[in-house]
Protein chains: 2
Amino acid sequence: MSAARKKLLLNAFHMCSPSQSWAGMWTHERDQCTGYTSIDYYVDLAKLAERGLFDSIFFADSIGLMDKYGGDPAEAIRAGAMAPMNDPTLVIPAMAQATQHLGFGVTANLTYEHPFLMARRMSTLDHLTKGRIGWNIVAGFVESGARAIGLDRLRAHDERYDMADEYMEIAYKLWEASWDDDAVLRDAHKRIYAQPNHVRRIDHEGAFFRMSGVHMCEPSPQRTPVLYQAGASTRGRAFAARHAECVFLTTSEAPMVRAHVADIRRQAEANGRRGDDIAVIVAATIITGKTTRQAQEKYEDIRDHLDVAGSLSVFSALAGVDFSKYDPDDPIEYMKTDANQSFLERVTILTKGRKMRIKDLTAFHPDSPTSGVFLIGSAEEVARQLVDFADETGIDGFNLIRTVEPGGLQAVVDLVVPELQTMGAYKTSYGSGALRNKLFGRGDRLSATHPGLRLAKAYAQEHPPLRP
Amino acid sequence: MSAARKKLLLNAFHMCSPSQSWAGMWTHERDQCTGYTSIDYYVDLAKLAERGLFDSIFFADSIGLMDKYGGDPAEAIRAGAMAPMNDPTLVIPAMAQATQHLGFGVTANLTYEHPFLMARRMSTLDHLTKGRIGWNIVAGFVESGARAIGLDRLRAHDERYDMADEYMEIAYKLWEASWDDDAVLRDAHKRIYAQPNHVRRIDHEGAFFRMSGVHMCEPSPQRTPVLYQAGASTRGRAFAARHAECVFLTTSEAPMVRAHVADIRRQAEANGRRGDDIAVIVAATIITGKTTRQAQEKYEDIRDHLDVAGSLSVFSALAGVDFSKYDPDDPIEYMKTDANQSFLERVTILTKGRKMRIKDLTAFHPDSPTSGVFLIGSAEEVARQLVDFADETGIDGFNLIRTVEPGGLQAVVDLVVPELQTMGAYKTSYGSGALRNKLFGRGDRLSATHPGLRLAKAYAQEHPPLRP
C-alpha cells in the first residue's frame with residue numbers, strides 16, 4: 001500500500017543567527033553557522049534542501065533580541081542564541097535563484113509594519129521566487145521588540161489577534177482584490193502596461209488600521225503567500241483555523257498533537273474550509289547516522305555544546321518568564337509567572353504527572369518537552385518513527401530544528417530521505433506549479449473556500465475599478 | 001596630465017518597475033524591462049554594470065504609486081510608469097552574490113518604518129553585500145504613500161527634515177554605538193559569541209521617536225551604509241550637508257549645478273566635514289553609438305516611445321502638481337500650484353528667460369529641464385561632454401537614467417567607458433575595500449569628521465555596556 005501512502009512534508013527550520021532553538025551549537029567544530037552573515041551560506045543551504053526535495057526552508061524571526069532572561073540580552077548575545085539576528089527576507093531571492101522548486105517561508109510580524117508595506121514585500125518575494133513564498137504570521141511575542149520601537153508593552157494577547165484579523169483582511173484585499181487577473185496586458189503596440197479598468201483602490205477604515213491605495217505590485221504567481229501560523233493558544237487556534245494553510249506545533253506529546261490536529265480541522269470546517277486545507281507540521285530534532293550506534297555517538301558528540309543559559313534566555317522570551325530568577329532545579333509548577341497564555345496552556349498539560357524542573361525545559365535530549373519530536377537513531381529507525389508519529393497523530397509533516405549544521409540537515413537528506421522514499425512516505429520528485437500547488441495539489445492560488453478569498457472577492461464586486 | 005585627472009563616478013539608476021523617469025520605454029521592441037519581476041533580470045543587470053566598472057546600481061523607490069495626476073494612478077498604471085513598483089531591497093543580495101565589487105544604493109523612506117527596523121535591514125544588506133550598500137535617505141514625497149498607510153497627509157516639508165534629523169541620530173547610535181569593534185569574539189572554546197561588556201542598549205526619547213534596545217546585527221563591514229540624499233530645497237541641502245556622503249542632482253544647468261556644489265561643500269565644511277567628503281552626482285540620459293549618426297538614429301528610434309501622460313503622472317507626483325488640470329501648452333509660470341518647495345525653487349530658476357510649456361517639462365530631448373544632462377552622440381563626444389560638465393561644475397559623477405534597457409546601459413559600458421578610460425577620466429579597475437573606500441579612498445567606515453560618528457562615539461562614552 002506504500003504507493004498510496006500520504007507523503008510527508010519536510011521543512012528545514014532556520015534563522016539568520018549563529019544558533020537557534022538549540023543555542024550554542026555553533027561552538028561545535030563541524031558547525032558552519034557563524035557564516036550566517038554571508039549570502040553564500042544561504043545559497044548552499046538552499047541547494048542542500050532542494051537536493052533532499054524539502055518543501056521549504058522556513059525562517060523564524062523576531063523583532064528585538066531575547067531580553068527576558070535577567071532583564072537584558074546579555075546571555076543571548078554571549079551564547080550567540082538567536083543573537084545577533086539579521087533580517088531573513090533579504091536572503092530568500094538569492095536562494096530562489098539558485099534553486100528551482102524549493103519553497104521559502106518567512107516569519108514577519110504584523111505588529112511592526114503597516115499591511116500596505118508588508119503586502120508589497122510579500123508580493124515582491126512571490127514574484128522573485130516565482131511563487132515559492134510562504135508567510136508565517138506572527139502577532140508579536142517578545143516585549144523587547146515593542147520597547148525597541150517605543151511602545152511600552154505589546155497589546156494584550158487576545159487584542160493582538162483581533163488586530164491580526166483586521167490586518168489579514170487588508171492584506172487579502174491588497175493581494176486578491178486590487179488587481180484583476182486580466183489587469184496586466186503588457187501590450188506595447190497599444191501602449192497599455194495594465195488596464196486601469198481592472199485595477200481598484202483598497203479603502204479601509206477599521207478599529208486598528210486605515211488605508212487608501214492601490215496595491216503596488218501586479219498579481220504574483222500565488223497572489224497571497226502560503227499562510228503559516230504557530231499560535232497554540234485557544235485564540236491562536238481560532239485564528240489559524242480561519243487564516244492558516246500550514247500550522248506549526250512544537251510539542252512531542254502524540255495525544256496532544258492528535259487532539260490539536262482534530263481541533264484545527266474541525267474549526268477549519270466550521271469556517272467553511274476543508275479539514276485538509278490545513279497542513280499541520282510538527283517540530284523535530286533528528287540526529288541520525290548509518291547505524292544506531294553512529295547516531296548515538298553523534299548525539300554524545302553534540303550534546304554538551306548546548307548552551308544552557310543561552311537556551312534559557314531564548315526560552316524565557318518565548319514563555320514570558322525570567323528563568324534567571326529561579327533555581328534550575330525548581331519544579332515548574334512552583335513558578336509564579338506572567339507567562340503568556342499558550343505557554344501556560346502547554347505547561348499545564350506537559351507537567352501533568354511529571355516531575356519537571358526548570359533545567360529540563362531546554363535539555364538537549366529526547367524527553368525535552370519543548371523541542372517537538374526528538375529522534376536519535378539510524379535512518380531506518382528515524383524514518384519509521386516519523387511515519388508512525390504522523391500516522392498516530394494525523395499531522396502532515398515535520399519542521400527540522402537546527403543542530404550542528406549543515407551536517408545535521410545533510411544527514412537527513414542523504415540518509416533519512418531515501419528511507420522515507422523506500423517506504424513510499426516521501427515524494428521522489430517535486431510537484432508542479434507554485435509552492436501552494438506543490439503542498440496541496442489544488443492550484444497555485446488561495447483555495448476558493450478560504451475566508452480571505454471570499455472576503456476579497458466580495459470587496460472587488462462592491463468596489464469599482466479606477467476607470468469604468 | 002590625464003593620469004592625475006579625477007575619476008568620474010558612474011551609477012546606473014534603476015527601479016523595480018517596467019519603466020522609470022522616461023515612462024513607456026518598455027514599449028520599445030529591444031527593451032527588456034518587463035522582466036523586472038524576475039531575479040535573473042537584476043543579476044544580469046548587475047553583471048553588466050560591473051563589467052563597466054560602475055560604482056553602483058542605484059534603486060529609486062517610492063511608497064505609494066503616483067496618483068497626483070488626475071487624482072489616481074490610472075495613467076501611471078496604464079503606461080507602466082513607475083507602476084507597478086516592487087520592493088528594491090529584496091533584489092540586492094542576489095545581485096551582490098553575482099558580483100564582487102559593484103555597489104548598491106537603495107532608496108528607503110524614513111516616514112514609514114521605525115529606525116530600529118530600518119537599521120536592521122541596512123545592516124543585514126551591508127553584511128550580505130560584504131560592505132557594498134548605500135542608502136538614499138528620503139523623507140517622503142508622494143502623498144499617496146501617506147494615505148496608503150492611513151495618514152492624512154505628509155508632515156510639513158521642514159518638519160519632515162526635523163524628524164529625519166532625529167531618525168538619523170537613532171540610526172547612527174544603532175550602527176556605530178551599540179556594538180563595539182571588539183564585541184564579536186566567536187570563541188567556541190570559551191563559548192562566547194559576543195561579549196556583553198562590549199554591547200550597549202540604545203535608549204532614545206525625542207520629539208518624534210523613542211526606543212530602547214540593542215541593535216540586532218553585529219557590526220557589518222561599513223556599519224553605517226554610504227549615505228545618499230537628493231533633496232534640492234534649502235532645508236534639504238542643510239540636511240545633506242550634515243548627513244550625506246553622496247548628493248544627487250537632477251538639473252542640467254551648469255551654473256546652477258556649480259553653485260549647488262559650492263554651497264554643499266561650504267555647508268559641509270561648516271559642519272566640520274571636508275568639502276570633498278561629499279560626492280555630487282548629476283542625473284544623465286545618454287544615447288550613444290559608434291558614430292554621431294548612429295546615436296542620432298537611436299535617439300529617433302527611441303524618442304516616440306516616451307509616454308507623455310505616463311511621464312506627466314510621474315512628474316505630477318514629484319512636483320505635487322496635478323498637470324492633468326492644465327493645457328499642455330500653458331506656460332509654466334501661470335500655474336497656481338501647491339507644488340513642493342524644492343520643485344518651486346527649481347522651476348523659478350529653470351524658467352527664467354525661457355518660454356517653457358507644461359508639455360516641455362517631460363519632453364524626451366536634450367533641452368528637457370528635468371532630466372539632468374541629456375547627451376546624444378558618439379562615445380567620444382559623450383565622454384568629452386561628461387568630462388567637460390564635471391570640470392565646469394565640480395561634480396564627481398553621473399547617475400544614468402534608464403532609456404531602452406539594458407541596451408542603453410550596454411552602449412555606455414561598451415563604448416563610453418573605454419573613451420573615458422582613454423581620457424584618464426575613469427578607473428580601469430575597482431578600488432579595494434567596501435563601497436565607501438572605493439568611493440572616497442579613506443576607509444570602509446564613516447569618516448571621523450562625520451557628525452553621525454561623532455554623535456555615536458559620544459553616546460558610547462556616556463552609556464555603559466550591558467555588563468561591566
# chains A, B, ... in the order shown; residues from 1 in each chain; ligands from 1
>>> interface_residues(of="chain A", to="chain B", cutoff="6 Å", atoms="only C-alpha atoms", output="number ranges by chain")
A: 27, 37-39, 74, 77-80, 84-87, 90, 94, 121, 124, 127-128, 147-150, 188, 192-196, 210-213, 216-218
>>> residues_around(residues="Lys68 (chain A)", least_positions_apart="3", cutoff="9 Å", atoms="only C-alpha atoms", output="list in words")
Gly71, Asp72, Pro73, Val142, Glu143, Ser144, Ser313, Val314, Phe315, Ser316, Ala317, Leu318, Gly320, Val321, Asp322, Phe323 and Ser324 of chain A
>>> write_last_selection(atoms="N, CA and C atoms", output="PDB file, in the first residue's frame")
ATOM      1  N   GLY A  71      16.690  40.260  32.343  1.00  0.00           N
ATOM      2  CA  GLY A  71      16.300  41.629  32.030  1.00  0.00           C
ATOM      3  C   GLY A  71      17.083  42.292  30.917  1.00  0.00           C
ATOM      4  N   ASP A  72      17.972  41.548  30.270  1.00  0.00           N
ATOM      5  CA  ASP A  72      18.670  42.095  29.100  1.00  0.00           C
ATOM      6  C   ASP A  72      19.144  40.934  28.216  1.00  0.00           C
ATOM      7  N   PRO A  73      19.610  41.246  27.016  1.00  0.00           N
ATOM      8  CA  PRO A  73      20.008  40.144  26.116  1.00  0.00           C
ATOM      9  C   PRO A  73      21.454  39.686  26.298  1.00  0.00           C
ATOM     10  N   VAL A 142       7.847  38.949  21.658  1.00  0.00           N
ATOM     11  CA  VAL A 142       8.865  39.419  22.609  1.00  0.00           C
ATOM     12  C   VAL A 142       8.700  40.909  22.900  1.00  0.00           C
ATOM     13  N   GLU A 143       8.659  41.231  24.171  1.00  0.00           N
ATOM     14  CA  GLU A 143       8.414  42.611  24.555  1.00  0.00           C
ATOM     15  C   GLU A 143       9.571  43.516  24.180  1.00  0.00           C
ATOM     16  N   SER A 144      10.761  42.932  24.015  1.00  0.00           N
ATOM     17  CA  SER A 144      11.903  43.762  23.653  1.00  0.00           C
ATOM     18  C   SER A 144      11.645  44.455  22.323  1.00  0.00           C
ATOM     19  N   SER A 313      17.679  31.717  27.907  1.00  0.00           N
ATOM     20  CA  SER A 313      17.381  33.113  27.555  1.00  0.00           C
ATOM     21  C   SER A 313      16.406  33.166  26.375  1.00  0.00           C
ATOM     22  N   VAL A 314      16.549  32.232  25.446  1.00  0.00           N
ATOM     23  CA  VAL A 314      15.567  32.137  24.357  1.00  0.00           C
ATOM     24  C   VAL A 314      14.211  31.712  24.916  1.00  0.00           C
ATOM     25  N   PHE A 315      14.246  30.700  25.758  1.00  0.00           N
ATOM     26  CA  PHE A 315      13.007  30.144  26.274  1.00  0.00           C
ATOM     27  C   PHE A 315      12.296  31.129  27.211  1.00  0.00           C
ATOM     28  N   SER A 316      13.059  31.930  27.929  1.00  0.00           N
ATOM     29  CA  SER A 316      12.456  32.955  28.787  1.00  0.00           C
ATOM     30  C   SER A 316      11.637  33.937  27.958  1.00  0.00           C
ATOM     31  N   ALA A 317      12.202  34.335  26.815  1.00  0.00           N
ATOM     32  CA  ALA A 317      11.499  35.302  25.967  1.00  0.00           C
ATOM     33  C   ALA A 317      10.235  34.672  25.376  1.00  0.00           C
ATOM     34  N   LEU A 318      10.334  33.420  24.943  1.00  0.00           N
ATOM     35  CA  LEU A 318       9.178  32.734  24.362  1.00  0.00           C
ATOM     36  C   LEU A 318       8.067  32.578  25.390  1.00  0.00           C
ATOM     37  N   GLY A 320       7.786  34.264  28.267  1.00  0.00           N
ATOM     38  CA  GLY A 320       7.459  35.455  29.036  1.00  0.00           C
ATOM     39  C   GLY A 320       7.801  35.313  30.505  1.00  0.00           C
ATOM     40  N   VAL A 321       8.789  34.468  30.807  1.00  0.00           N
ATOM     41  CA  VAL A 321       9.170  34.180  32.194  1.00  0.00           C
ATOM     42  C   VAL A 321      10.681  34.376  32.324  1.00  0.00           C
ATOM     43  N   ASP A 322      11.105  35.108  33.326  1.00  0.00           N
ATOM     44  CA  ASP A 322      12.541  35.271  33.540  1.00  0.00           C
ATOM     45  C   ASP A 322      13.062  34.088  34.350  1.00  0.00           C
ATOM     46  N   PHE A 323      13.584  33.073  33.661  1.00  0.00           N
ATOM     47  CA  PHE A 323      14.049  31.868  34.352  1.00  0.00           C
ATOM     48  C   PHE A 323      15.331  32.108  35.145  1.00  0.00           C
ATOM     49  N   SER A 324      15.966  33.238  34.950  1.00  0.00           N
ATOM     50  CA  SER A 324      17.182  33.507  35.730  1.00  0.00           C
ATOM     51  C   SER A 324      16.843  33.720  37.203  1.00  0.00           C
TER      52      SER A 324
END
>>> atom_distance(atom1="CA of Thr288 (chain A)", atom2="CA of Val416 (chain A)")
7.8 Å
>>> residues_around(residues="Asp444 (chain A)", least_positions_apart="3", cutoff="12 Å", atoms="only C-alpha atoms", output="number ranges by chain")
A: 126, 130-133, 220-226, 431-441, 447-448
>>> residues_around(residues="Thr250 (chain A)", least_positions_apart="2", cutoff="12 Å", atoms="only C-alpha atoms", output="tab-separated table (two decimals) with all heavy atoms, in the first residue's frame")
chain	number	residue	atom	x	y	z
A	21	SER	N	17.15	27.39	18.24
A	21	SER	CA	16.50	26.80	19.40
A	21	SER	C	17.50	26.07	20.29
A	21	SER	O	17.45	26.17	21.52
A	21	SER	CB	15.43	25.81	18.94
A	21	SER	OG	14.63	26.39	17.93
A	229	GLN	N	1.08	29.57	10.45
A	229	GLN	CA	0.81	30.15	11.75
A	229	GLN	C	1.22	29.18	12.84
A	229	GLN	O	1.11	27.96	12.67
A	229	GLN	CB	-0.68	30.51	11.86
A	229	GLN	CG	-0.95	31.76	12.68
A	229	GLN	CD	-1.39	31.43	14.08
A	229	GLN	OE1	-1.85	30.32	14.32
A	229	GLN	NE2	-1.22	32.37	14.98
A	230	ALA	N	1.68	29.69	13.96
A	230	ALA	CA	2.19	28.82	15.01
A	230	ALA	C	1.52	29.01	16.36
A	230	ALA	O	1.91	28.41	17.34
A	230	ALA	CB	3.70	29.02	15.16
A	231	GLY	N	0.52	29.85	16.44
A	231	GLY	CA	-0.11	30.12	17.74
A	231	GLY	C	-0.81	28.89	18.28
A	231	GLY	O	-1.68	28.32	17.62
A	232	ALA	N	-0.45	28.49	19.48
A	232	ALA	CA	-1.03	27.26	20.05
A	232	ALA	C	-2.12	27.57	21.07
A	232	ALA	O	-2.82	26.67	21.51
A	232	ALA	CB	0.07	26.44	20.71
A	247	VAL	N	0.07	24.88	9.82
A	247	VAL	CA	0.14	25.19	11.24
A	247	VAL	C	1.34	24.47	11.84
A	247	VAL	O	1.54	23.28	11.58
A	247	VAL	CB	-1.16	24.76	11.95
A	247	VAL	CG1	-1.01	24.81	13.46
A	247	VAL	CG2	-2.32	25.65	11.51
A	248	PHE	N	2.12	25.20	12.62
A	248	PHE	CA	3.28	24.60	13.29
A	248	PHE	C	2.98	24.26	14.72
A	248	PHE	O	2.42	25.07	15.46
A	248	PHE	CB	4.44	25.60	13.33
A	248	PHE	CG	5.04	25.84	12.00
A	248	PHE	CD1	5.25	27.11	11.53
A	248	PHE	CD2	5.41	24.77	11.20
A	248	PHE	CE1	5.81	27.33	10.30
A	248	PHE	CE2	5.98	24.97	9.96
A	248	PHE	CZ	6.17	26.26	9.50
A	252	SER	N	5.77	17.23	21.48
A	252	SER	CA	6.02	15.86	21.04
A	252	SER	C	5.00	14.88	21.62
A	252	SER	O	5.08	13.68	21.39
A	252	SER	CB	7.42	15.43	21.47
A	252	SER	OG	7.52	15.54	22.88
A	253	GLU	N	4.06	15.37	22.41
A	253	GLU	CA	3.07	14.50	23.05
A	253	GLU	C	2.03	14.09	22.01
A	253	GLU	O	1.16	14.90	21.65
A	253	GLU	CB	2.37	15.25	24.19
A	253	GLU	CG	3.31	15.84	25.21
A	253	GLU	CD	3.96	14.77	26.06
A	253	GLU	OE1	3.23	14.07	26.79
A	253	GLU	OE2	5.20	14.61	25.97
A	254	ALA	N	2.09	12.86	21.57
A	254	ALA	CA	1.21	12.43	20.48
A	254	ALA	C	-0.28	12.67	20.76
A	254	ALA	O	-0.98	13.18	19.88
A	254	ALA	CB	1.47	10.95	20.14
A	256	MET	N	-1.69	14.91	22.57
A	256	MET	CA	-1.92	16.35	22.49
A	256	MET	C	-1.92	16.82	21.03
A	256	MET	O	-2.75	17.63	20.62
A	256	MET	CB	-0.78	17.02	23.25
A	256	MET	CG	-1.13	18.33	23.88
A	256	MET	SD	0.31	18.84	24.87
A	256	MET	CE	0.29	20.58	24.46
A	257	VAL	N	-0.97	16.31	20.28
A	257	VAL	CA	-0.89	16.68	18.87
A	257	VAL	C	-2.14	16.20	18.13
A	257	VAL	O	-2.75	16.95	17.34
A	257	VAL	CB	0.38	16.08	18.22
A	257	VAL	CG1	0.36	16.29	16.71
A	257	VAL	CG2	1.64	16.68	18.84
A	260	HIS	N	-4.98	18.37	18.89
A	260	HIS	CA	-4.81	19.67	18.25
A	260	HIS	C	-5.16	19.58	16.76
A	260	HIS	O	-5.85	20.46	16.21
A	260	HIS	CB	-3.36	20.14	18.44
A	260	HIS	CG	-3.16	21.59	18.17
A	260	HIS	ND1	-2.55	22.43	19.05
A	260	HIS	CD2	-3.49	22.36	17.10
A	260	HIS	CE1	-2.50	23.65	18.54
A	260	HIS	NE2	-3.07	23.64	17.35
A	280	VAL	N	-0.61	20.32	9.02
A	280	VAL	CA	-0.05	20.51	10.36
A	280	VAL	C	1.37	19.94	10.39
A	280	VAL	O	1.61	18.80	9.99
A	280	VAL	CB	-0.93	19.83	11.43
A	280	VAL	CG1	-0.36	20.10	12.82
A	280	VAL	CG2	-2.37	20.35	11.35
A	281	ILE	N	2.27	20.77	10.85
A	281	ILE	CA	3.70	20.45	10.82
A	281	ILE	C	4.23	20.47	12.24
A	281	ILE	O	3.99	21.44	12.97
A	281	ILE	CB	4.47	21.51	10.00
A	281	ILE	CG1	3.77	21.84	8.68
A	281	ILE	CG2	5.92	21.12	9.80
A	281	ILE	CD1	3.90	20.83	7.62
A	282	VAL	N	4.95	19.45	12.62
A	282	VAL	CA	5.48	19.37	13.98
A	282	VAL	C	7.00	19.55	13.95
A	282	VAL	O	7.68	19.00	13.07
A	282	VAL	CB	5.08	18.03	14.64
A	282	VAL	CG1	5.86	17.80	15.93
A	282	VAL	CG2	3.58	18.01	14.91
A	283	ALA	N	7.49	20.28	14.91
A	283	ALA	CA	8.94	20.47	15.03
A	283	ALA	C	9.62	19.15	15.36
A	283	ALA	O	9.08	18.34	16.10
A	283	ALA	CB	9.22	21.49	16.13
A	284	ALA	N	10.79	18.94	14.78
A	284	ALA	CA	11.53	17.70	15.05
A	284	ALA	C	13.03	17.95	15.07
A	284	ALA	O	13.56	18.68	14.23
A	284	ALA	CB	11.20	16.66	13.98
A	285	THR	N	13.68	17.36	16.05
A	285	THR	CA	15.14	17.34	16.10
A	285	THR	C	15.57	15.93	15.72
A	285	THR	O	15.13	14.96	16.34
A	285	THR	CB	15.64	17.69	17.51
A	285	THR	OG1	15.19	19.00	17.85
A	285	THR	CG2	17.15	17.62	17.58
A	342	SER	N	-0.39	30.78	25.79
A	342	SER	CA	-0.16	29.49	25.15
A	342	SER	C	0.90	28.70	25.91
A	342	SER	O	0.84	27.48	26.02
A	342	SER	CB	0.24	29.67	23.69
A	342	SER	OG	1.61	29.89	23.56
A	343	PHE	N	1.87	29.44	26.48
A	343	PHE	CA	2.87	28.75	27.27
A	343	PHE	C	2.23	28.09	28.50
A	343	PHE	O	2.50	26.93	28.81
A	343	PHE	CB	3.97	29.72	27.71
A	343	PHE	CG	4.98	29.08	28.62
A	343	PHE	CD1	5.89	28.17	28.12
A	343	PHE	CD2	4.99	29.36	29.98
A	343	PHE	CE1	6.81	27.57	28.97
A	343	PHE	CE2	5.91	28.77	30.82
A	343	PHE	CZ	6.82	27.87	30.31
A	346	ARG	N	0.36	25.03	27.61
A	346	ARG	CA	1.24	23.91	27.32
A	346	ARG	C	1.84	23.32	28.58
A	346	ARG	O	1.86	22.11	28.77
A	346	ARG	CB	2.34	24.32	26.36
A	346	ARG	CG	1.97	24.06	24.93
A	346	ARG	CD	2.85	24.80	23.98
A	346	ARG	NE	4.26	24.45	24.14
A	346	ARG	CZ	5.24	25.23	23.74
A	346	ARG	NH1	4.98	26.39	23.18
A	346	ARG	NH2	6.49	24.85	23.88
A	350	LEU	N	1.89	19.59	29.84
A	350	LEU	CA	3.17	18.90	29.81
A	350	LEU	C	3.61	18.37	31.17
A	350	LEU	O	4.21	17.31	31.28
A	350	LEU	CB	4.27	19.84	29.29
A	350	LEU	CG	4.19	20.17	27.80
A	350	LEU	CD1	5.13	21.31	27.49
A	350	LEU	CD2	4.55	18.94	26.97
A	368	SER	N	12.96	16.10	26.10
A	368	SER	CA	12.75	17.54	26.20
A	368	SER	C	11.30	17.87	25.85
A	368	SER	O	10.78	17.44	24.84
A	368	SER	CB	13.68	18.26	25.23
A	368	SER	OG	13.29	19.60	25.11
A	369	PRO	N	10.66	18.64	26.70
A	369	PRO	CA	9.24	18.92	26.48
A	369	PRO	C	8.98	20.03	25.49
A	369	PRO	O	7.85	20.28	25.11
A	369	PRO	CB	8.77	19.34	27.88
A	369	PRO	CG	9.97	19.98	28.48
A	369	PRO	CD	11.17	19.27	27.92
A	370	THR	N	10.03	20.70	25.05
A	370	THR	CA	9.79	21.92	24.26
A	370	THR	C	10.37	21.84	22.87
A	370	THR	O	10.35	22.82	22.13
A	370	THR	CB	10.44	23.13	24.97
A	370	THR	OG1	11.84	22.86	25.11
A	370	THR	CG2	9.81	23.37	26.32
A	371	SER	N	10.88	20.71	22.51
A	371	SER	CA	11.62	20.63	21.25
A	371	SER	C	10.84	19.96	20.14
A	371	SER	O	11.36	19.78	19.05
A	371	SER	CB	12.89	19.83	21.48
A	371	SER	OG	12.54	18.49	21.77
A	372	GLY	N	9.61	19.59	20.36
A	372	GLY	CA	8.92	18.75	19.38
A	372	GLY	C	9.47	17.34	19.46
A	372	GLY	O	10.06	16.92	20.46
A	373	VAL	N	9.30	16.62	18.37
A	373	VAL	CA	9.79	15.24	18.31
A	373	VAL	C	11.32	15.26	18.32
A	373	VAL	O	11.93	16.05	17.61
A	373	VAL	CB	9.27	14.57	17.02
A	373	VAL	CG1	9.84	13.18	16.85
A	373	VAL	CG2	7.74	14.56	17.03
A	374	PHE	N	11.93	14.41	19.11
A	374	PHE	CA	13.40	14.39	19.22
A	374	PHE	C	13.84	12.95	18.97
A	374	PHE	O	13.59	12.07	19.80
A	374	PHE	CB	13.80	14.85	20.62
A	374	PHE	CG	15.26	15.18	20.78
A	374	PHE	CD1	15.67	16.42	21.23
A	374	PHE	CD2	16.25	14.24	20.48
A	374	PHE	CE1	17.02	16.73	21.39
A	374	PHE	CE2	17.59	14.54	20.63
A	374	PHE	CZ	17.98	15.79	21.09
A	398	PHE	N	7.05	17.56	9.06
A	398	PHE	CA	7.97	17.96	10.13
A	398	PHE	C	8.81	19.17	9.73
A	398	PHE	O	9.16	19.35	8.56
A	398	PHE	CB	8.89	16.79	10.49
A	398	PHE	CG	8.14	15.61	11.06
A	398	PHE	CD1	7.69	14.59	10.22
A	398	PHE	CD2	7.84	15.54	12.41
A	398	PHE	CE1	6.97	13.51	10.73
A	398	PHE	CE2	7.13	14.47	12.93
A	398	PHE	CZ	6.68	13.45	12.09
A	399	ASN	N	9.13	19.92	10.74
A	399	ASN	CA	9.94	21.11	10.62
A	399	ASN	C	11.25	20.82	11.34
A	399	ASN	O	11.27	20.71	12.57
A	399	ASN	CB	9.18	22.25	11.32
A	399	ASN	CG	9.46	23.60	10.73
A	399	ASN	OD1	9.95	23.69	9.60
A	399	ASN	ND2	9.12	24.64	11.47
A	400	LEU	N	12.34	20.67	10.61
A	400	LEU	CA	13.58	20.20	11.24
A	400	LEU	C	14.34	21.32	11.94
A	400	LEU	O	14.72	22.32	11.31
A	400	LEU	CB	14.49	19.55	10.21
A	400	LEU	CG	13.97	18.30	9.53
A	400	LEU	CD1	15.12	17.53	8.90
A	400	LEU	CD2	13.19	17.41	10.48
A	401	ILE	N	14.59	21.10	13.21
A	401	ILE	CA	15.28	22.09	14.02
A	401	ILE	C	16.79	21.94	13.83
A	401	ILE	O	17.31	20.83	13.77
A	401	ILE	CB	14.91	21.90	15.51
A	401	ILE	CG1	13.40	22.11	15.67
A	401	ILE	CG2	15.69	22.86	16.40
A	401	ILE	CD1	12.92	21.99	17.11
>>> select_by_dssp(residues="region 17-214 of chain A", states="strand (DSSP E or B)", output="PyMOL selection string")
chain A and resi 19+56-59+81+103-109+133-138+179+184-187+192-194+199+202-205+210-213
>>> residues_around(residues="Phe58 (chain B)", least_positions_apart="4", cutoff="9 Å", atoms="only C-alpha atoms", output="list in words")
Asn11, Ala12, Phe13, His14, Met15, Gly103, Phe104, Gly105, Val106, Thr107, Gly134, Asn136 and Asn399 of chain B
>>> write_last_selection(atoms="N, CA, C and O atoms", output="tab-separated table (two decimals), in the first residue's frame")
chain	number	residue	atom	x	y	z
B	11	ASN	N	26.91	55.68	-11.79
B	11	ASN	CA	25.87	54.80	-11.24
B	11	ASN	C	24.83	54.53	-12.31
B	11	ASN	O	24.53	55.41	-13.12
B	12	ALA	N	24.25	53.34	-12.28
B	12	ALA	CA	23.08	53.06	-13.11
B	12	ALA	C	21.85	53.23	-12.21
B	12	ALA	O	21.77	52.63	-11.14
B	13	PHE	N	20.95	54.07	-12.67
B	13	PHE	CA	19.76	54.40	-11.89
B	13	PHE	C	18.66	53.43	-12.29
B	13	PHE	O	18.36	53.27	-13.47
B	14	HIS	N	18.07	52.75	-11.30
B	14	HIS	CA	17.07	51.75	-11.64
B	14	HIS	C	15.91	51.79	-10.64
B	14	HIS	O	15.91	52.57	-9.69
B	15	MET	N	14.96	50.93	-10.86
B	15	MET	CA	13.76	50.86	-10.03
B	15	MET	C	13.10	49.53	-10.39
B	15	MET	O	13.22	49.06	-11.52
B	103	GLY	N	28.68	48.36	-6.18
B	103	GLY	CA	27.90	48.82	-5.04
B	103	GLY	C	26.41	48.85	-5.35
B	103	GLY	O	26.00	48.73	-6.51
B	104	PHE	N	25.62	49.01	-4.30
B	104	PHE	CA	24.16	49.03	-4.45
B	104	PHE	C	23.58	50.13	-3.58
B	104	PHE	O	23.77	50.13	-2.36
B	105	GLY	N	22.90	51.04	-4.22
B	105	GLY	CA	22.20	52.07	-3.46
B	105	GLY	C	20.73	51.72	-3.41
B	105	GLY	O	20.17	51.23	-4.39
B	106	VAL	N	20.13	51.95	-2.27
B	106	VAL	CA	18.70	51.67	-2.18
B	106	VAL	C	18.00	52.81	-1.48
B	106	VAL	O	18.46	53.33	-0.47
B	107	THR	N	16.90	53.20	-2.07
B	107	THR	CA	16.09	54.26	-1.51
B	107	THR	C	15.18	53.69	-0.44
B	107	THR	O	14.50	52.70	-0.68
B	134	GLY	N	24.57	51.28	-0.03
B	134	GLY	CA	24.32	52.69	0.22
B	134	GLY	C	22.83	52.91	0.43
B	134	GLY	O	22.01	52.15	-0.06
B	136	ASN	N	19.81	55.73	0.15
B	136	ASN	CA	19.29	57.02	-0.26
B	136	ASN	C	18.19	57.43	0.71
B	136	ASN	O	17.11	56.85	0.71
B	399	ASN	N	24.65	59.77	-12.73
B	399	ASN	CA	23.67	58.75	-12.42
B	399	ASN	C	22.89	58.52	-13.70
B	399	ASN	O	22.13	59.38	-14.14
>>> residues_around(residues="region 379-381 of chain A", least_positions_apart="4", cutoff="10 Å", atoms="only C-alpha atoms", output="ChimeraX atom specification")
/A:286-292,295,375,385-386,411-412,414-420,422-423
>>> atom_distance(atom1="CA of Leu453 (chain B)", atom2="CA of Arg242 (chain B)")
11.4 Å
>>> residues_around(residues="Glu169 (chain A)", least_positions_apart="6", cutoff="9 Å", atoms="only C-alpha atoms", output="list in words")
Gly452, Leu455 and Ala456 of chain A
>>> closest_residue(among="A:Thr403, A:Ser178, A:Thr111, A:Gln421", to="Gln461 (chain A)", atoms="only C-alpha atoms")
A:Ser178
